[in-house]
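**Q** upload-v1.cif is the file, holding mmCIF, C-alpha atoms and all ligand atoms:
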data_entry
loop_
_atom_site.group_PDB
_atom_site.id
_atom_site.type_symbol
_atom_site.label_atom_id
_atom_site.label_comp_id
_atom_site.auth_asym_id
_atom_site.auth_seq_id
_atom_site.Cartn_x
_atom_site.Cartn_y
_atom_site.Cartn_z
ATOM 1 C CA MET A 1 118.854 150.600 140.196
ATOM 2 C CA LEU A 2 116.332 151.209 137.473
ATOM 3 C CA HIS A 3 115.690 147.475 137.235
ATOM 4 C CA PHE A 4 114.693 147.497 140.866
ATOM 5 C CA ILE A 5 112.544 150.622 140.900
ATOM 6 C CA LYS A 6 110.440 149.835 137.888
ATOM 7 C CA PRO A 7 108.942 146.513 139.088
ATOM 8 C CA LEU A 8 108.425 147.991 142.531
ATOM 9 C CA PHE A 9 106.522 150.893 141.051
ATOM 10 C CA LEU A 10 104.402 148.552 138.973
ATOM 11 C CA LEU A 11 103.720 146.418 142.019
ATOM 12 C CA PHE A 12 102.671 149.489 143.982
ATOM 13 C CA PHE A 13 100.456 150.640 141.143
ATOM 14 C CA PHE A 14 98.850 147.197 140.943
ATOM 15 C CA PHE A 15 98.002 147.101 144.646
ATOM 16 C CA SER A 16 96.804 150.731 144.553
ATOM 17 C CA ILE A 17 94.137 149.843 142.068
ATOM 18 C CA THR A 18 93.266 146.355 143.316
ATOM 19 C CA ALA A 19 93.582 146.730 147.068
ATOM 20 C CA GLY A 20 92.469 150.350 147.383
ATOM 21 C CA ASN A 21 92.813 151.201 151.049
ATOM 22 C CA ALA A 22 95.591 148.621 151.518
ATOM 23 C CA GLN A 23 98.082 150.680 149.523
ATOM 24 C CA ASN A 24 99.954 151.921 152.580
ATOM 25 C CA GLU A 25 100.515 148.467 153.985
ATOM 26 C CA ALA A 26 103.835 146.671 153.677
ATOM 27 C CA TYR A 27 104.169 144.623 150.493
ATOM 28 C CA SER A 28 104.421 141.400 152.465
ATOM 29 C CA ASP A 29 100.969 142.064 153.918
ATOM 30 C CA ALA A 30 99.472 142.912 150.567
ATOM 31 C CA ALA A 31 99.212 139.301 149.399
ATOM 32 C CA GLU A 32 97.479 138.315 152.616
ATOM 33 C CA SER A 33 94.952 141.120 152.292
ATOM 34 C CA GLN A 34 93.866 139.586 148.980
ATOM 35 C CA ILE A 35 92.253 136.695 150.866
ATOM 36 C CA SER A 36 88.795 137.829 151.856
ATOM 37 C CA ASP A 37 86.986 136.511 154.924
ATOM 38 C CA THR A 38 84.571 134.605 152.693
ATOM 39 C CA THR A 39 87.272 132.605 150.869
ATOM 40 C CA PHE A 40 87.070 128.833 151.347
ATOM 41 C CA VAL A 41 90.177 127.534 153.128
ATOM 42 C CA LYS A 42 91.306 124.316 154.821
ATOM 43 C CA LEU A 43 91.236 124.517 158.608
ATOM 44 C CA ARG A 44 94.381 122.335 158.672
ATOM 45 C CA ASP A 45 96.356 125.173 157.043
ATOM 46 C CA TYR A 46 95.565 127.459 160.001
ATOM 47 C CA SER A 47 95.710 125.180 163.052
ATOM 48 C CA ASN A 48 96.951 121.767 164.213
ATOM 49 C CA ASP A 49 94.918 121.846 167.414
ATOM 50 C CA PHE A 50 91.767 120.069 166.208
ATOM 51 C CA VAL A 51 90.776 116.397 166.251
ATOM 52 C CA TYR A 52 89.244 115.101 163.011
ATOM 53 C CA ASP A 53 86.480 112.503 162.895
ATOM 54 C CA MET A 54 84.870 113.433 159.590
ATOM 55 C CA LYS A 55 81.961 111.006 159.513
ATOM 56 C CA TYR A 56 80.981 111.524 155.862
ATOM 57 C CA ALA A 57 84.478 110.501 154.751
ATOM 58 C CA THR A 58 83.632 107.057 156.198
ATOM 59 C CA GLU A 59 80.630 104.727 156.028
ATOM 60 C CA ASP A 60 79.920 105.407 159.704
ATOM 61 C CA ASN A 61 77.048 107.864 159.156
ATOM 62 C CA PHE A 62 73.305 107.759 158.572
ATOM 63 C CA LEU A 63 73.823 107.608 154.800
ATOM 64 C CA LYS A 64 75.858 104.408 155.301
ATOM 65 C CA ALA A 65 78.016 105.733 152.497
ATOM 66 C CA LYS A 66 81.403 107.404 152.182
ATOM 67 C CA VAL A 67 80.480 110.590 150.352
ATOM 68 C CA TYR A 68 83.693 112.606 150.834
ATOM 69 C CA ASP A 69 86.865 111.428 149.115
ATOM 70 C CA CYS A 70 88.991 112.396 152.120
ATOM 71 C CA ALA A 71 88.647 113.769 155.636
ATOM 72 C CA GLU A 72 89.087 117.503 155.160
ATOM 73 C CA CYS A 73 87.535 120.457 156.982
ATOM 74 C CA MET A 74 86.905 123.317 154.575
ATOM 75 C CA LEU A 75 85.204 126.507 155.737
ATOM 76 C CA ARG A 76 85.114 130.168 154.896
ATOM 77 C CA LEU A 77 88.076 132.003 156.433
ATOM 78 C CA LYS A 78 85.887 133.930 158.896
ATOM 79 C CA THR A 79 84.453 130.617 160.192
ATOM 80 C CA VAL A 80 87.976 129.233 160.600
ATOM 81 C CA LYS A 81 89.024 132.305 162.605
ATOM 82 C CA ALA A 82 86.025 132.047 164.947
ATOM 83 C CA LEU A 83 86.476 128.294 165.372
ATOM 84 C CA ILE A 84 90.150 128.683 166.289
ATOM 85 C CA ALA A 85 89.209 131.353 168.851
ATOM 86 C CA ALA A 86 86.643 128.965 170.380
ATOM 87 C CA ASN A 87 89.163 126.100 170.385
ATOM 88 C CA ASN A 88 91.699 128.295 172.182
ATOM 89 C CA ASP A 89 89.115 128.847 174.931
ATOM 90 C CA PHE A 90 88.534 125.078 175.205
ATOM 91 C CA LEU A 91 92.290 124.368 175.240
ATOM 92 C CA LYS A 92 92.727 126.638 178.268
ATOM 93 C CA LYS A 93 90.355 124.309 180.173
ATOM 94 C CA GLY A 94 91.935 121.065 178.948
ATOM 95 C CA PHE A 95 89.554 120.317 176.069
ATOM 96 C CA ARG A 96 89.710 120.616 172.308
ATOM 97 C CA ILE A 97 87.217 120.504 169.453
ATOM 98 C CA LYS A 98 86.554 117.288 167.589
ATOM 99 C CA LEU A 99 85.130 117.846 164.108
ATOM 100 C CA TYR A 100 82.421 115.699 162.523
ATOM 101 C CA ASP A 101 81.539 117.902 159.552
ATOM 102 C CA CYS A 102 82.344 121.341 158.121
ATOM 103 C CA TYR A 103 81.529 122.753 154.678
ATOM 104 C CA ARG A 104 79.302 120.335 152.795
ATOM 105 C CA PRO A 105 78.815 120.487 149.008
ATOM 106 C CA LEU A 106 75.163 120.924 147.940
ATOM 107 C CA ASP A 107 75.058 117.517 146.178
ATOM 108 C CA ILE A 108 75.734 115.814 149.509
ATOM 109 C CA GLN A 109 72.914 117.843 151.088
ATOM 110 C CA LYS A 110 70.550 116.476 148.436
ATOM 111 C CA ARG A 111 71.518 112.896 149.283
ATOM 112 C CA MET A 112 70.937 113.544 152.987
ATOM 113 C CA TRP A 113 67.540 115.132 152.346
ATOM 114 C CA ALA A 114 66.488 112.135 150.245
ATOM 115 C CA ILE A 115 67.110 109.881 153.272
ATOM 116 C CA VAL A 116 65.842 112.168 156.080
ATOM 117 C CA SER A 117 63.313 114.681 154.679
ATOM 118 C CA ASN A 118 62.730 116.332 158.031
ATOM 119 C CA PRO A 119 63.848 119.962 158.406
ATOM 120 C CA SER A 120 64.393 119.471 162.153
ATOM 121 C CA TYR A 121 67.381 117.295 161.273
ATOM 122 C CA VAL A 122 68.407 117.954 157.663
ATOM 123 C CA ALA A 123 68.095 121.242 155.806
ATOM 124 C CA ASP A 124 66.052 121.232 152.612
ATOM 125 C CA PRO A 125 68.583 121.567 149.753
ATOM 126 C CA LYS A 126 66.235 124.041 148.052
ATOM 127 C CA LYS A 127 67.053 126.484 150.842
ATOM 128 C CA GLY A 128 70.516 125.138 151.541
ATOM 129 C CA SER A 129 72.112 124.488 154.908
ATOM 130 C CA ILE A 130 74.661 126.784 156.514
ATOM 131 C CA HIS A 131 76.996 123.800 155.987
ATOM 132 C CA ASN A 132 76.560 124.390 152.236
ATOM 133 C CA ARG A 133 77.562 128.031 152.806
ATOM 134 C CA GLY A 134 80.792 127.237 154.688
ATOM 135 C CA GLY A 135 79.538 128.711 157.959
ATOM 136 C CA ALA A 136 78.501 125.640 159.975
ATOM 137 C CA VAL A 137 80.349 122.979 161.925
ATOM 138 C CA ASP A 138 79.322 119.742 163.642
ATOM 139 C CA ILE A 139 81.530 119.293 166.667
ATOM 140 C CA SER A 140 82.068 117.720 170.054
ATOM 141 C CA LEU A 141 84.849 117.940 172.636
ATOM 142 C CA VAL A 142 87.663 115.622 173.640
ATOM 143 C CA ASP A 143 89.476 115.880 176.970
ATOM 144 C CA ILE A 144 93.203 116.182 177.590
ATOM 145 C CA THR A 145 93.676 112.399 177.180
ATOM 146 C CA GLY A 146 91.911 112.459 173.800
ATOM 147 C CA LYS A 147 88.776 110.800 175.172
ATOM 148 C CA GLU A 148 85.500 112.035 173.718
ATOM 149 C CA VAL A 149 83.276 113.882 176.183
ATOM 150 C CA ASP A 150 79.894 112.197 176.788
ATOM 151 C CA MET A 151 77.249 114.467 175.269
ATOM 152 C CA GLY A 152 74.348 112.058 175.826
ATOM 153 C CA THR A 153 73.849 110.868 172.240
ATOM 154 C CA SER A 154 76.045 110.088 169.269
ATOM 155 C CA PHE A 155 76.485 112.600 166.450
ATOM 156 C CA ASP A 156 73.552 112.594 163.974
ATOM 157 C CA PHE A 157 71.216 110.936 166.450
ATOM 158 C CA PHE A 158 67.791 111.780 165.051
ATOM 159 C CA GLY A 159 65.723 112.017 168.191
ATOM 160 C CA ILE A 160 64.601 114.363 170.951
ATOM 161 C CA GLN A 161 67.536 113.301 173.179
ATOM 162 C CA ALA A 162 69.891 115.254 170.898
ATOM 163 C CA SER A 163 68.039 118.514 171.615
ATOM 164 C CA HIS A 164 69.391 121.281 173.846
ATOM 165 C CA ASN A 165 65.895 121.394 175.322
ATOM 166 C CA PHE A 166 65.968 117.746 176.420
ATOM 167 C CA LYS A 167 66.822 117.875 180.104
ATOM 168 C CA GLN A 168 66.395 114.232 181.221
ATOM 169 C CA LEU A 169 70.134 113.660 181.173
ATOM 170 C CA SER A 170 72.785 113.547 183.889
ATOM 171 C CA LYS A 171 74.028 116.819 185.382
ATOM 172 C CA GLU A 172 77.457 116.070 183.932
ATOM 173 C CA ILE A 173 76.127 115.745 180.368
ATOM 174 C CA LEU A 174 73.912 118.824 180.670
ATOM 175 C CA SER A 175 76.836 120.883 181.967
ATOM 176 C CA LYS A 176 79.122 119.708 179.115
ATOM 177 C CA ARG A 177 76.495 120.588 176.493
ATOM 178 C CA ALA A 178 76.015 123.982 178.162
ATOM 179 C CA TYR A 179 79.792 124.548 178.241
ATOM 180 C CA LEU A 180 80.118 123.722 174.527
ATOM 181 C CA LYS A 181 77.186 125.993 173.692
ATOM 182 C CA SER A 182 78.214 129.001 175.799
ATOM 183 C CA THR A 183 81.808 128.936 174.510
ATOM 184 C CA MET A 184 80.683 128.711 170.886
ATOM 185 C CA ILE A 185 78.154 131.538 171.335
ATOM 186 C CA LYS A 186 80.843 133.691 172.971
ATOM 187 C CA ASN A 187 82.945 133.207 169.822
ATOM 188 C CA GLY A 188 80.324 134.252 167.260
ATOM 189 C CA PHE A 189 78.255 131.105 166.679
ATOM 190 C CA ASN A 190 74.562 130.262 167.095
ATOM 191 C CA SER A 191 73.429 126.916 168.436
ATOM 192 C CA PHE A 192 70.708 124.808 166.828
ATOM 193 C CA ASP A 193 68.015 123.537 169.210
ATOM 194 C CA SER A 194 67.554 119.998 167.883
ATOM 195 C CA GLU A 195 71.269 119.112 167.509
ATOM 196 C CA TRP A 196 73.775 119.641 170.337
ATOM 197 C CA TRP A 197 76.683 119.243 167.863
ATOM 198 C CA HIS A 198 75.654 121.860 165.263
ATOM 199 C CA TYR A 199 76.863 125.490 165.259
ATOM 200 C CA ASN A 200 76.332 128.254 162.690
ATOM 201 C CA LEU A 201 78.583 131.279 162.364
ATOM 202 C CA LYS A 202 76.257 134.262 162.952
ATOM 203 C CA THR A 203 77.779 136.244 160.099
ATOM 204 C CA GLY A 204 77.671 133.257 157.721
ATOM 205 C CA LEU A 205 73.926 132.875 157.250
ATOM 206 C CA LYS A 206 73.665 134.823 154.008
ATOM 207 C CA ASP A 207 76.766 133.602 152.183
ATOM 208 C CA LYS A 208 76.246 131.729 148.943
ATOM 209 C CA VAL A 209 75.547 128.018 148.786
ATOM 210 C CA ALA A 210 78.446 126.183 147.107
ATOM 211 C CA ASN A 211 78.882 122.819 145.450
ATOM 212 C CA GLU A 212 82.624 122.533 144.935
ATOM 213 C CA LYS A 213 84.513 119.567 146.290
ATOM 214 C CA TRP A 214 87.922 119.997 147.850
ATOM 215 C CA LYS A 215 91.054 118.412 146.452
ATOM 216 C CA CYS A 216 92.524 115.461 148.302
ATOM 217 C CA ASP A 217 96.315 115.058 148.551
HETATM 218 ZN ZN ZN A 301 75.374 120.375 161.211
#
What do you get writing this file as structure tokens?
Ligand SMILES: [Zn+2]

**A**
Amino acid sequence: MLHFIKPLFLLFFFFSITAGNAQNEAYSDAAESQISDTTFVKLRDYSNDFVYDMKYATEDNFLKAKVYDCAECMLRLKTVKALIAANNDFLKKGFRIKLYDCYRPLDIQKRMWAIVSNPSYVADPKKGSIHNRGGAVDISLVDITGKEVDMGTSFDFFGIQASHNFKQLSKEILSKRAYLKSTMIKNGFNSFDSEWWHYNLKTGLKDKVANEKWKCD
């Protein structure tokens, strides 16, 4: 009996001093409470309901270079939670989110800025993008058959046609952009005027810029 009590007591003591207000929670919940909302996690570990088309893990992007070793979507945990909530709303209507980019290491931001030094389209690495902070996503929608919804331009189209304010598009396209935007805003994101695909988590604007790369399997 003593063998059992002693480690349990030590465990309780450990969580009392490290987790503070979590000391009354069940032990099984204690480990989970150690993960803060700002921890970087892989979206894949929390949901299988997304479509991945990570453009910077291919040469099909404006850099014309594969700058990620593998197609992974890393974000801070709070961004993952909000994104899953948004995706659940889309799923109810027969759509799901397709991902083009998530967290982006600062070194990649520098390469992008060197090619397109225009803050309307690429954030200056001196300030850092919300992508570099783990709070931004570049997304579109696919329908129930897996077909990509027509949003009027391709991802990373550097022109006025990609703007939310550009209205010379079909009613269908304008309504799909508006649907994407309103659902994301409802779930805690801000839109970005010049790019229909870009969304920032409202509570992610002041997190630290990071430059770590994720591990590939
Ligand atoms: Zn973006």

**Q** What do you get as a ChimeraX atom specification if you pick all residues at most 10 Å from ligand ZN 301 (chain A), counting all atoms listed in the file?

**A** /A:100-104,121-123,129-132,135-139,155-156,191-192,195-200

**Q** Which distance in Å separates atom CA of A:Ser182 and atom CA of A:Met54, to one decimal?

**A**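 Distance between the two atoms: 23.4 Å.
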
**Q** Can you tell me how far atom CA of A:Gln168 sits from atom CA of A:Gly152, in Å to one decimal?

**A**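 We find that atom CA of A:Gln168 and atom CA of A:Gly152 lie 9.9 Å from each other.
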
**Q** From the set A:Ala82, A:Leu43, A:Leu201, A:Met151, which residue has the shortest atom-to-atom contact distance to A:Ala178, counting only C-alpha atoms?

**A**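 Counting only C-alpha atoms, the residue closest to A:Ala178 is A:Met151.
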
**Q** I would like the residues chosen by the PyMOL selection byres (((chain A and resi 63-67) around 12) and not hetatm) on the shown file; could you give them as an MDAnalysis selection string?

**A** chainID A and resid 54:62 68:71 101 104:116 156 213

**Q** Between A:Asn87, A:Thr38, A:Thr183, A:Ser175, which residue has the minimum interatomic distance to A:Leu75, considering all atoms listed in the file?

**A** A:Thr38

**Q** Ranking A:Leu180, A:Ser120, A:Lys126, A:Leu77 by minimum distance to A:Ser163 and counting only C-alpha atoms, which one comes first?

**A**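 Looking at the shortest contact to A:Ser163, the residue is A:Ser120.
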